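Here's work26.csv, which has CSV, C-alpha atoms:
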chain,number,residue,atom,x,y,z
A,1,MET,CA,6.3,-4.7,30.2
A,2,THR,CA,8.3,-7.0,28.0
A,3,ASP,CA,5.3,-7.2,25.6
A,4,GLU,CA,5.5,-3.4,25.2
A,5,ILE,CA,9.2,-3.5,24.6
A,6,PHE,CA,8.7,-6.2,22.0
A,7,ILE,CA,6.1,-4.2,20.2
A,8,GLN,CA,8.2,-1.0,20.4
A,9,ASN,CA,11.2,-2.9,18.8
A,10,LEU,CA,8.9,-4.2,16.0
A,11,LYS,CA,7.7,-0.6,15.4
A,12,GLU,CA,11.2,0.7,15.2
A,13,LYS,CA,12.2,-2.0,12.7
A,14,HIS,CA,9.0,-2.2,10.5
A,15,GLY,CA,7.1,1.1,11.1
A,16,GLN,CA,3.4,0.6,11.7
A,17,ILE,CA,2.5,-2.7,13.2
A,18,LEU,CA,-0.9,-4.5,12.9
A,19,LYS,CA,-2.0,-6.5,16.0
A,20,LEU,CA,-4.4,-9.2,14.8
A,21,THR,CA,-6.3,-11.2,17.4
A,22,SER,CA,-8.8,-14.0,17.2
A,23,ASP,CA,-12.4,-13.4,18.3
A,24,ASP,CA,-11.9,-15.1,21.6
A,25,GLN,CA,-8.6,-13.2,22.1
A,26,SER,CA,-6.6,-16.4,22.5
A,27,ILE,CA,-4.5,-16.0,19.4
A,28,THR,CA,-2.5,-12.8,18.6
A,29,ALA,CA,-0.2,-12.1,15.6
A,30,TYR,CA,1.8,-9.1,14.8
A,31,CYS,CA,2.1,-8.1,11.1
A,32,LYS,CA,3.5,-5.4,9.0
A,33,LYS,CA,1.7,-3.7,6.3
A,34,PRO,CA,2.3,-5.4,3.0
A,35,THR,CA,4.6,-3.7,0.5
A,36,PHE,CA,3.4,-2.9,-3.0
A,37,GLU,CA,5.5,-5.8,-4.3
A,38,ILE,CA,3.9,-8.3,-2.0
A,39,TYR,CA,0.5,-6.9,-2.9
A,40,LEU,CA,1.1,-7.5,-6.6
A,41,LYS,CA,2.2,-11.1,-5.9
A,42,TYR,CA,-1.0,-11.5,-3.9
A,43,GLN,CA,-3.1,-10.3,-6.8
A,44,ASN,CA,-1.4,-12.6,-9.2
A,45,LEU,CA,-1.9,-15.6,-6.9
A,46,TYR,CA,-5.5,-14.6,-6.3
A,47,LYS,CA,-6.4,-15.2,-9.9
A,48,ASP,CA,-5.6,-18.9,-9.6
A,49,ASN,CA,-6.3,-19.7,-6.0
A,50,PRO,CA,-7.9,-17.0,-3.7
A,51,HIS,CA,-7.4,-19.2,-0.6
A,52,GLU,CA,-3.7,-19.6,-1.1
A,53,ALA,CA,-3.3,-16.0,-2.1
A,54,ILE,CA,-4.8,-14.8,1.3
A,55,LEU,CA,-2.5,-17.3,3.2
A,56,PHE,CA,0.5,-16.0,1.2
A,57,LEU,CA,-0.4,-12.4,2.1
A,58,PHE,CA,-0.7,-13.2,5.8
A,59,LYS,CA,2.6,-15.2,5.9
A,60,GLU,CA,4.5,-12.4,4.1
A,61,CYS,CA,3.3,-9.8,6.5
A,62,LEU,CA,3.8,-11.9,9.6
A,63,LEU,CA,6.6,-10.7,11.8
A,64,GLU,CA,7.0,-13.6,14.2
A,65,LYS,CA,7.1,-17.0,12.5
A,66,GLU,CA,4.7,-19.2,14.5
A,67,ASN,CA,2.1,-21.8,13.4
A,68,TYR,CA,-1.4,-20.5,13.2
A,69,ASN,CA,-4.5,-22.4,12.1
A,70,ASP,CA,-5.9,-21.8,8.6
A,71,GLU,CA,-9.1,-20.1,9.9
A,72,PHE,CA,-7.1,-17.5,11.8
A,73,MET,CA,-4.7,-16.9,8.9
A,74,LEU,CA,-7.6,-16.4,6.5
A,75,ALA,CA,-9.4,-14.0,8.8
A,76,SER,CA,-6.2,-12.1,9.4
A,77,GLY,CA,-5.4,-12.0,5.7
A,78,ASN,CA,-8.9,-10.7,5.0
A,79,SER,CA,-8.3,-8.0,7.6
A,80,ILE,CA,-5.1,-7.0,5.9
A,81,ILE,CA,-7.0,-6.8,2.6
A,82,GLU,CA,-9.7,-4.6,4.1
A,83,MET,CA,-6.9,-2.3,5.5
A,84,ILE,CA,-5.5,-2.0,2.0
A,85,LYS,CA,-8.9,-1.1,0.6
A,86,LYS,CA,-9.2,1.6,3.2
A,87,ASP,CA,-5.7,2.9,2.2
A,88,SER,CA,-6.7,3.1,-1.4
A,89,GLU,CA,-10.1,4.8,-1.0
A,90,PHE,CA,-9.1,8.1,-2.4
A,91,THR,CA,-8.4,6.7,-5.9
A,92,ILE,CA,-10.8,7.3,-8.7
A,93,ASN,CA,-11.3,3.6,-9.4
A,94,ALA,CA,-11.8,1.6,-6.2
A,95,THR,CA,-10.5,-1.6,-7.9
A,96,PRO,CA,-7.6,-0.6,-10.1
A,97,GLN,CA,-6.3,-3.0,-12.6
A,98,LYS,CA,-2.6,-4.1,-12.8
A,99,ASP,CA,-1.9,-1.5,-15.6
A,100,GLU,CA,-3.2,1.3,-13.3
A,101,PHE,CA,-0.9,0.1,-10.5
A,102,LYS,CA,2.0,0.3,-12.9
A,103,LYS,CA,1.1,3.8,-14.0
A,104,SER,CA,0.8,4.8,-10.3
A,105,ALA,CA,4.1,3.3,-9.5
A,106,ALA,CA,5.7,5.1,-12.5
A,107,LEU,CA,4.3,8.4,-11.3
A,108,ILE,CA,5.7,7.9,-7.8
A,109,ARG,CA,9.0,6.8,-9.1
A,110,TYR,CA,9.2,9.9,-11.4
A,111,ALA,CA,8.1,12.4,-8.8
A,112,PHE,CA,10.1,11.2,-5.8
A,113,GLN,CA,13.0,9.1,-7.3
A,114,VAL,CA,12.1,6.1,-5.1
A,115,ASP,CA,11.2,2.4,-5.6
A,116,PRO,CA,7.4,2.4,-5.0
A,117,TYR,CA,7.3,-1.4,-4.8
A,118,LYS,CA,9.1,-1.4,-1.5
A,119,PHE,CA,6.6,0.8,0.4
A,120,PRO,CA,3.8,-0.4,2.6
A,121,MET,CA,0.4,0.1,0.9
A,122,ASP,CA,-0.6,3.1,3.0
A,123,GLU,CA,2.7,4.8,2.2
A,124,PHE,CA,2.3,3.9,-1.5
A,125,TYR,CA,-1.1,5.6,-1.6
A,126,LYS,CA,0.0,8.6,0.3
A,127,LEU,CA,2.9,9.1,-2.2
A,128,LEU,CA,0.5,8.5,-5.1
A,129,GLU,CA,-1.8,11.2,-3.7
A,130,GLU,CA,1.1,13.6,-3.4
A,131,ALA,CA,2.4,12.7,-6.9
A,132,LEU,CA,-1.0,13.4,-8.4
A,133,TRP,CA,-1.2,16.7,-6.6
A,134,LEU,CA,2.3,17.6,-7.9
A,135,GLN,CA,1.3,16.7,-11.4
A,136,LYS,CA,-1.8,18.8,-11.2
A,137,HIS,CA,0.2,21.7,-9.8
A,138,ILE,CA,2.7,21.5,-12.6
A,139,ASP,CA,-0.1,21.2,-15.2
A,140,ASN,CA,-1.8,24.3,-13.8
A,141,ARG,CA,1.5,26.2,-13.7
A,142,MET,CA,2.2,25.3,-17.3
A,143,GLU,CA,-1.3,26.3,-18.3
A,144,ASN,CA,-0.9,29.7,-16.6
A,145,THR,CA,2.4,30.2,-18.3
A,146,MET,CA,1.0,29.4,-21.7
A,147,MET,CA,-2.0,31.8,-21.2
A,148,ALA,CA,0.4,34.6,-20.2
A,149,ALA,CA,2.6,33.9,-23.2
A,150,PHE,CA,-0.4,33.9,-25.6
A,151,ALA,CA,-1.8,37.1,-24.0
A,152,LYS,CA,1.6,38.8,-24.3
A,153,THR,CA,2.1,37.6,-27.9
A,154,PHE,CA,-1.3,38.6,-29.2
A,155,SER,CA,-1.7,41.8,-27.2
A,156,ASN,CA,0.9,43.6,-29.3
Will you turn the file into structure tokens for me?
Amino acid sequence: MTDEIFIQNLKEKHGQILKLTSDDQSITAYCKKPTFEIYLKYQNLYKDNPHEAILFLFKECLLEKENYNDEFMLASGNSIIEMIKKDSEFTINATPQKDEFKKSAALIRYAFQVDPYKFPMDEFYKLLEEALWLQKHIDNRMENTMMAAFAKTFSN
């Protein structure tokens, strides 16, 4: 019962919680989804040292500071990365470059007046999807307005 209360308190504080367990179920860790800011730091670290980057990602997402062995931290970090890949599957380019992330962040910031770097990755991609829809809707509306204006102008 206390475990359920503990998990509920974590959910209230951090939103969606990831429960990561070892293959033999002997080790359990609770993590939050990484924010976009954490993910960008992970990407920068990954260029120089992939091993350290994955450990960084795990430690940043970890909700309860305990000592875990490297094997578990790497496996958990890889699980978090796989989750991020699933969150970003809708995008045109499955492996966006840093510049594309900045463009996406700018679009979210413009459309919703929020700081996109503070959102968990799944929320970031949901907002991006909505911002892209809004942009397409505005473009279609403008195109229809222009067609109507041309038709009215040249029909006389």
May I have the residues within 8 Å of region 21-38 of chain A as a list in words, using all atoms listed in the file and disregarding those fewer than 2 positions away in the same chain?
->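 My list of contacting residues is His14, Gly15, Gln16, Ile17, Leu18, Lys19, Leu40, Lys41, Tyr42, Leu57, Phe58, Glu60, Cys61, Leu62, Leu63, Glu64, Phe72, Ile80, Pro116, Tyr117, Lys118, Phe119, Pro120, Met121, Asp122 and Phe124 of chain A.
Using all atoms listed in the file, the shortest contact distance between Lys103 (chain A) and any of A:Ala148, A:Leu132, A:Ile81, A:Ala75 is found at A:Leu132.
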Please indicate the distance in Å from CA of Lys102 (chain A) to CA of Tyr125 (chain A), rounded to one decimal place.
->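 Interatomic distance, CA of Lys102 (chain A) to CA of Tyr125 (chain A): 12.9 Å.
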Near Asp70 (chain A), counting all atoms listed in the file, which residues have an atom at most 10 Å away, once you skip same-chain residues fewer than 5 positions from it, shown as a ChimeraX atom specification?
-> /A:51,55,75-76
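Reported to one decimal place, the separation of CA of Arg141 (chain A) from CA of Leu128 (chain A) is 19.7 Å.
The coordinates place CA of Ala131 (chain A) at 6.4 Å from CA of Leu107 (chain A).
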For region 99-110 of chain A, I'd like the enclosing box, axis-aligned and padded by 8 Å on every side, reported as AutoDock Vina command-line options with centre and edge lengths in Å to one decimal.
--center_x 3.0 --center_y 4.2 --center_z -11.7 --size_x 28.4 --size_y 27.4 --size_z 23.8
